[in-house]
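Trainee: Provided herewith: input_3.txt, compact mmCIF, C-alpha atoms.
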```txt
# COMPACT_ATOMS: atom_id res chain seq x y z
CA MET A 1 81.68 -22.64 -20.09
CA LYS A 2 79.34 -23.77 -22.90
CA ILE A 3 78.59 -27.00 -21.03
CA ARG A 4 77.66 -25.05 -17.89
CA ILE A 5 75.31 -22.78 -19.87
CA LEU A 6 73.73 -25.79 -21.58
CA PHE A 7 73.30 -27.59 -18.25
CA THR A 8 71.77 -24.46 -16.72
CA LEU A 9 69.26 -24.21 -19.59
CA LEU A 10 68.37 -27.88 -19.19
CA LEU A 11 67.92 -27.37 -15.46
CA LEU A 12 65.60 -24.43 -16.12
CA ALA A 13 63.56 -26.51 -18.54
CA ALA A 14 63.21 -29.32 -15.98
CA PHE A 15 62.07 -26.96 -13.23
CA ALA A 16 59.76 -24.94 -15.46
CA LEU A 17 58.07 -28.06 -16.77
CA VAL A 18 54.60 -28.39 -15.32
CA THR A 19 53.40 -31.68 -16.59
CA VAL A 20 49.84 -32.30 -17.66
CA ALA A 21 50.30 -36.04 -17.88
CA PRO A 22 49.99 -37.99 -14.64
CA ALA A 23 53.31 -38.55 -12.90
CA GLN A 24 54.15 -42.03 -11.69
CA ASN A 25 56.60 -41.27 -8.88
CA LEU A 26 54.88 -38.86 -6.54
CA TYR A 27 55.03 -39.43 -2.79
CA GLN A 28 52.91 -37.64 -0.23
CA LEU A 29 55.02 -35.02 1.54
CA ASN A 30 54.63 -33.67 5.06
CA LEU A 31 56.15 -30.21 5.52
CA ARG A 32 56.66 -27.96 8.53
CA GLY A 33 58.64 -24.75 8.72
CA SER A 34 58.71 -21.01 9.30
CA CYS A 35 59.91 -17.80 7.71
CA ALA A 36 61.42 -14.96 9.73
CA GLN A 37 60.29 -11.36 9.48
CA ILE A 38 60.46 -8.16 11.49
CA ASN A 39 57.13 -7.35 13.12
CA SER A 40 55.49 -3.96 13.77
CA ARG A 41 57.38 -3.68 17.10
CA ASP A 42 60.70 -4.05 15.23
CA ARG A 43 61.25 -7.53 16.65
CA LEU A 44 62.02 -10.84 15.00
CA ALA A 45 58.86 -12.87 14.41
CA PHE A 46 58.30 -16.22 12.73
CA GLN A 47 55.49 -17.05 10.32
CA PRO A 48 54.91 -20.83 10.53
CA PHE A 49 53.70 -22.96 7.63
CA THR A 50 52.64 -26.59 7.25
CA THR A 51 51.43 -28.86 4.49
CA ALA A 52 47.85 -27.73 5.18
CA THR A 53 48.64 -24.00 5.07
CA VAL A 54 50.67 -24.35 1.85
CA LEU A 55 47.78 -26.15 0.13
CA ARG A 56 45.20 -23.72 1.52
CA ASP A 57 47.23 -20.68 0.35
CA TYR A 58 47.68 -22.19 -3.11
CA ALA A 59 43.94 -22.90 -3.46
CA ALA A 60 43.03 -19.38 -2.30
CA ALA A 61 45.28 -17.84 -4.98
CA GLN A 62 43.59 -19.76 -7.85
CA ASP A 63 40.57 -18.62 -9.84
CA PRO A 64 38.44 -20.62 -9.56
CA ALA A 65 39.72 -21.98 -6.28
CA PRO A 66 40.09 -25.78 -6.26
CA ASN A 67 38.86 -27.82 -3.34
CA VAL A 68 41.81 -28.22 -0.93
CA ARG A 69 40.79 -31.86 -0.44
CA ASP A 70 41.72 -32.46 -4.09
CA LEU A 71 45.28 -31.18 -3.63
CA ARG A 72 48.39 -33.00 -2.46
CA LEU A 73 51.81 -31.76 -1.45
CA ALA A 74 54.20 -34.27 -3.01
CA TYR A 75 57.82 -35.17 -3.64
CA ASP A 76 58.42 -35.89 -7.34
CA VAL A 77 61.15 -38.55 -7.46
CA ASP A 78 61.66 -38.24 -11.23
CA PHE A 79 62.48 -34.52 -11.14
CA ASP A 80 63.77 -34.27 -7.52
CA ARG A 81 61.35 -31.52 -6.50
CA ILE A 82 58.50 -30.61 -4.17
CA VAL A 83 55.22 -29.96 -5.99
CA ILE A 84 51.53 -29.40 -5.52
CA ALA A 85 49.54 -32.03 -7.42
CA ASN A 86 45.89 -32.91 -7.76
CA THR A 87 44.34 -36.29 -7.01
CA ASN A 88 44.86 -37.31 -10.66
CA LEU A 89 48.63 -36.89 -10.04
CA GLN A 90 48.93 -33.86 -12.32
CA THR A 91 51.57 -31.38 -11.21
CA LEU A 92 49.91 -28.00 -10.69
CA LYS A 93 52.79 -26.00 -9.18
CA ILE A 94 56.47 -26.54 -8.49
CA LEU A 95 57.48 -25.21 -5.07
CA HIS A 96 61.15 -26.19 -4.79
CA GLY A 97 63.53 -28.03 -7.07
CA PHE A 98 66.72 -29.74 -5.92
CA ALA A 99 69.88 -29.87 -8.04
CA PHE A 100 73.68 -30.19 -7.96
CA SER A 101 73.67 -33.06 -5.47
CA THR A 102 76.79 -34.01 -3.50
CA GLY A 103 76.76 -36.80 -0.96
CA VAL A 104 77.44 -40.35 0.06
CA THR A 105 75.73 -43.58 -0.98
CA ASN A 106 76.23 -47.11 0.28
CA SER A 107 77.45 -49.85 -2.10
CA ALA A 108 73.94 -51.33 -2.56
CA GLU A 109 72.60 -47.85 -3.42
CA THR A 110 69.86 -48.24 -0.82
CA THR A 111 70.93 -45.46 1.55
CA GLN A 112 72.16 -42.02 0.68
CA ARG A 113 72.65 -38.66 2.31
CA ARG A 114 73.14 -35.67 0.07
CA LEU A 115 73.49 -31.93 0.07
CA VAL A 116 71.53 -30.22 -2.69
CA PHE A 117 70.89 -26.67 -3.75
CA VAL A 118 67.28 -25.46 -3.56
CA PHE A 119 65.90 -23.66 -6.60
CA PRO A 120 62.62 -21.77 -6.82
CA PRO A 121 60.66 -22.53 -10.00
CA GLU A 122 61.80 -20.81 -13.21
CA ILE A 123 64.82 -19.14 -11.57
CA LEU A 124 68.39 -20.14 -12.44
CA GLN A 125 69.85 -19.04 -9.12
CA ALA A 126 69.69 -21.23 -6.03
CA ASN A 127 68.04 -19.66 -3.01
CA GLY A 128 69.12 -22.20 -0.40
CA THR A 129 70.37 -25.67 0.46
CA ALA A 130 68.90 -28.89 1.78
CA ILE A 131 70.18 -32.09 3.35
CA LEU A 132 68.26 -35.17 2.19
CA THR A 133 68.54 -38.65 3.73
CA GLU A 134 66.93 -41.40 1.69
CA THR A 135 66.46 -45.13 2.15
CA ILE A 136 65.24 -47.35 -0.69
CA ILE A 137 64.04 -50.94 -0.35
CA ARG A 138 64.00 -53.09 -3.49
CA ASP A 139 62.56 -56.50 -4.27
CA GLY A 140 64.53 -59.38 -5.83
CA ASP A 141 64.06 -57.91 -9.31
CA GLY A 142 65.44 -54.52 -8.29
CA ASN A 143 62.06 -52.74 -8.26
CA VAL A 144 61.56 -50.12 -5.57
CA THR A 145 59.02 -51.41 -3.05
CA ARG A 146 59.44 -48.73 -0.40
CA ARG A 147 61.09 -45.36 -0.10
CA ALA A 148 61.75 -43.16 2.93
CA LEU A 149 63.06 -39.61 2.68
CA ILE A 150 63.58 -36.95 5.31
CA GLY A 151 65.05 -33.54 4.70
CA SER A 152 65.76 -30.15 6.11
CA MET A 153 66.22 -27.01 4.08
CA GLN A 154 67.19 -23.41 4.57
CA TYR A 155 66.24 -20.92 1.88
CA TYR A 156 64.89 -17.44 1.41
CA GLN A 157 61.46 -16.48 0.20
CA PRO A 158 61.97 -13.88 -2.56
CA ALA A 159 60.59 -10.39 -2.00
CA THR A 160 57.25 -9.41 -3.51
CA LEU A 161 55.60 -6.02 -3.96
CA ASP A 162 54.01 -6.44 -0.51
CA THR A 163 56.69 -8.30 1.47
CA PRO A 164 60.47 -8.22 1.85
CA ALA A 165 62.61 -11.31 1.28
CA ALA A 166 62.46 -13.67 4.25
CA PRO A 167 64.84 -16.40 5.47
CA CYS A 168 63.01 -19.70 5.95
CA THR A 169 63.71 -23.13 7.40
CA ALA A 170 61.70 -26.30 6.90
CA THR A 171 61.74 -30.01 7.58
CA PHE A 172 59.90 -32.59 5.56
CA SER A 173 59.38 -36.31 5.12
CA ILE A 174 57.64 -38.42 2.55
CA GLY A 175 54.86 -40.89 3.16
CA ARG A 176 53.06 -43.30 0.91
CA LYS A 177 53.30 -43.30 -2.87
CA LEU A 178 50.38 -41.49 -4.44
CA LYS A 179 48.23 -43.55 -6.79
CA MET A 180 45.67 -42.70 -9.41
CA PRO A 181 42.12 -42.94 -8.10
CA SER A 182 40.29 -46.08 -9.15
CA PRO A 183 37.56 -45.52 -11.72
CA PRO A 184 34.06 -46.01 -10.35
CA VAL A 185 32.74 -49.52 -10.75
CA ALA A 186 29.39 -49.74 -12.54
CA PRO A 187 26.76 -51.52 -10.47
CA ARG A 188 25.78 -54.96 -11.71
CA PRO A 189 22.27 -55.26 -13.09
```
Would you give me this structure, written as structure tokens?

Mentor:
Amino acid sequence: MKIRILFTLLLLAAFALVTVAPAQNLYQLNLRGSCAQINSRDRLAFQPFTTATVLRDYAAAQDPAPNVRDLRLAYDVDFDRIVIANTNLQTLKILHGFAFSTGVTNSAETTQRRLVFVFPPEILQANGTAILTETIIRDGDGNVTRRALIGSMQYYQPATLDTPAAPCTATFSIGRKLKMPSPPVAPRP
């Protein structure tokens, strides 16, 4: 029991951590999904969301509002989570964390498929599950040269003062690894 409590506290600390130092393992993430709700005619309706709408909604909620062009939706490999980061690779907001993974991996550890629980930031109770399929390509020295990840998740959006809880589904995939912007080069005299 004590080990479970300790692990839960460590998990909370990992999800609550919003790093101010640049992360090294962020990959651009493409997201598409929807949340269900009951509309004014008492019928089921779906509110879609995409990478662009998530970033736009985040920017609109900030004071002062950052430029949406300076934001990235990313998968953080080190902490196994979906985050909003800026172009300097600083994590600004954790959207979903993944934990308690169960799955299968090939003998070379280059392909895996796993079931994970989805955790909202700073909450110790899972609010959904996800299936993640990942392929990793390594060079001769064992360094990761390419990574592909696709996933689907089902979770609920917690209730707020203005909205009831809503069941949501989403699919996502990662793209290129995000890199720090190059410093400007001074013109030669």

Trainee: Can you work out which one of A:Arg113, A:Arg81, A:Lys93, A:Arg72 has the shortest atom-to-atom distance to Lys179 (chain A), counting only C-alpha atoms?

Mentor: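 Selected residue with least distance to Lys179 (chain A): A:Arg72.
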
Trainee: I want to know what sits within 10 Å of Gly103 (chain A), based on all atoms listed in the file, with residues of the same chain fewer than 2 positions away left out; could you give that as a list of chain:residue names?

Mentor: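 Here the qualifying residues turn out to be A:Ser101, A:Thr105, A:Gln112, A:Arg113, A:Arg114, A:Leu115, A:Val116, A:Ile131, A:Leu132, A:Thr133.
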
Trainee: What is the CA of Val77 (chain A) to CA of Thr53 (chain A) distance in Å?

Mentor: 22.9 Å

Trainee: Show which residues sit within 12 Å of region 34-48 of chain A, as a list in words. Count only C-alpha atoms, and ignore same-chain residues fewer than 2 positions away.

Mentor: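 Counting only C-alpha atoms, the residues come to Leu31, Arg32, Thr50, Thr51, Ala52, Thr53, Val54, Ser152, Met153, Gln154, Tyr155, Tyr156, Gln157, Pro158, Ala159, Thr163, Pro164, Ala165, Ala166, Pro167, Cys168, Thr169, Ala170 and Thr171 of chain A.
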
Trainee: To one decimal place, how far is CA of Gly175 (chain A) from CA of Leu149 (chain A) in Å?

Mentor: 8.3 Å

Trainee: With 10 Å as the threshold, what does the neighbourhood of (53.1, -29.1, -6.7) contain in terms of residues, counting only C-alpha atoms? Coordinates are those of the file; answer as an mmCIF file with C-alpha atoms, keeping the file's coordinate frame.

Mentor:
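Done, and the output landed in part-v4.cif:
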```
data_model
loop_
_atom_site.group_PDB
_atom_site.id
_atom_site.type_symbol
_atom_site.label_atom_id
_atom_site.label_comp_id
_atom_site.auth_asym_id
_atom_site.auth_seq_id
_atom_site.Cartn_x
_atom_site.Cartn_y
_atom_site.Cartn_z
ATOM 1 C CA VAL A 18 54.600 -28.390 -15.320
ATOM 2 C CA LEU A 26 54.880 -38.860 -6.540
ATOM 3 C CA LEU A 55 47.780 -26.150 0.130
ATOM 4 C CA TYR A 58 47.680 -22.190 -3.110
ATOM 5 C CA LEU A 71 45.280 -31.180 -3.630
ATOM 6 C CA ARG A 72 48.390 -33.000 -2.460
ATOM 7 C CA LEU A 73 51.810 -31.760 -1.450
ATOM 8 C CA ALA A 74 54.200 -34.270 -3.010
ATOM 9 C CA TYR A 75 57.820 -35.170 -3.640
ATOM 10 C CA ASP A 76 58.420 -35.890 -7.340
ATOM 11 C CA ARG A 81 61.350 -31.520 -6.500
ATOM 12 C CA ILE A 82 58.500 -30.610 -4.170
ATOM 13 C CA VAL A 83 55.220 -29.960 -5.990
ATOM 14 C CA ILE A 84 51.530 -29.400 -5.520
ATOM 15 C CA ALA A 85 49.540 -32.030 -7.420
ATOM 16 C CA ASN A 86 45.890 -32.910 -7.760
ATOM 17 C CA LEU A 89 48.630 -36.890 -10.040
ATOM 18 C CA GLN A 90 48.930 -33.860 -12.320
ATOM 19 C CA THR A 91 51.570 -31.380 -11.210
ATOM 20 C CA LEU A 92 49.910 -28.000 -10.690
ATOM 21 C CA LYS A 93 52.790 -26.000 -9.180
ATOM 22 C CA ILE A 94 56.470 -26.540 -8.490
ATOM 23 C CA LEU A 95 57.480 -25.210 -5.070
ATOM 24 C CA HIS A 96 61.150 -26.190 -4.790
#
```

Trainee: Between CA of Val118 (chain A) and CA of Asn30 (chain A), what is the distance in Å, rounded to a tenth?

Mentor: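 Here the two named atoms are 17.4 Å from each other.
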
Trainee: Select, from A:Asp70, A:Phe49, A:Asn88, A:Pro64, the residue with the minimum atom-to-atom distance to Met180 (chain A), counting all atoms listed in the file.

Mentor: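 Using all atoms listed in the file, the shortest distance to Met180 (chain A) belongs to A:Asn88.
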
Trainee: Determine the axis-aligned bounding box of all atoms of region 56-68 of chain A present in the file, pad each side by 5 Å, and express its centre and edge lengths in Å to one decimal place as lines of an AutoDock Vina configuration file.

Mentor:
```
center_x = 43.1
center_y = -23.0
center_z = -4.2
size_x = 19.2
size_y = 20.4
size_z = 21.4
```

Trainee: Between A:Ile174, A:Leu161, A:Ile137, A:Ala65, which has the minimum distance to Thr111 (chain A) (counting all atoms listed in the file)?

Mentor: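 For Thr111 (chain A), the nearest of the given residues is A:Ile137.
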
Trainee: Missing atoms in region 139-150 of chain A need filling: write out N, CA, C and O atoms for it as a compact mmCIF listing (two decimals), keeping the file's coordinate frame.

Mentor:
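New file out.txt:
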```
# COMPACT_ATOMS: atom_id res chain seq x y z
N ASP A 139 62.86 -55.07 -4.27
CA ASP A 139 62.56 -56.50 -4.27
C ASP A 139 63.68 -57.26 -5.00
O ASP A 139 64.68 -56.66 -5.41
N GLY A 140 63.52 -58.55 -5.18
CA GLY A 140 64.53 -59.38 -5.83
C GLY A 140 64.82 -59.00 -7.26
O GLY A 140 65.90 -59.28 -7.79
N ASP A 141 63.87 -58.33 -7.92
CA ASP A 141 64.06 -57.91 -9.31
C ASP A 141 64.63 -56.49 -9.42
O ASP A 141 64.78 -55.97 -10.52
N GLY A 142 64.89 -55.87 -8.28
CA GLY A 142 65.44 -54.52 -8.29
C GLY A 142 64.41 -53.41 -8.33
O GLY A 142 64.75 -52.24 -8.40
N ASN A 143 63.13 -53.75 -8.26
CA ASN A 143 62.06 -52.74 -8.26
C ASN A 143 61.94 -52.12 -6.87
O ASN A 143 62.01 -52.81 -5.87
N VAL A 144 61.73 -50.82 -6.84
CA VAL A 144 61.56 -50.12 -5.57
C VAL A 144 60.22 -50.51 -4.96
O VAL A 144 59.18 -50.35 -5.59
N THR A 145 60.25 -51.04 -3.74
CA THR A 145 59.02 -51.41 -3.05
C THR A 145 58.67 -50.43 -1.95
O THR A 145 57.52 -50.32 -1.55
N ARG A 146 59.68 -49.71 -1.45
CA ARG A 146 59.44 -48.73 -0.40
C ARG A 146 60.52 -47.68 -0.44
O ARG A 146 61.67 -47.97 -0.76
N ARG A 147 60.14 -46.46 -0.09
CA ARG A 147 61.09 -45.36 -0.10
C ARG A 147 60.81 -44.48 1.11
O ARG A 147 59.67 -44.20 1.43
N ALA A 148 61.87 -44.09 1.80
CA ALA A 148 61.75 -43.16 2.93
C ALA A 148 62.70 -41.99 2.64
O ALA A 148 63.82 -42.20 2.18
N LEU A 149 62.25 -40.80 2.90
CA LEU A 149 63.06 -39.61 2.68
C LEU A 149 62.73 -38.59 3.76
O LEU A 149 61.55 -38.32 4.02
N ILE A 150 63.76 -38.06 4.40
CA ILE A 150 63.58 -36.95 5.31
C ILE A 150 64.55 -35.86 4.88
O ILE A 150 65.61 -36.15 4.30
```
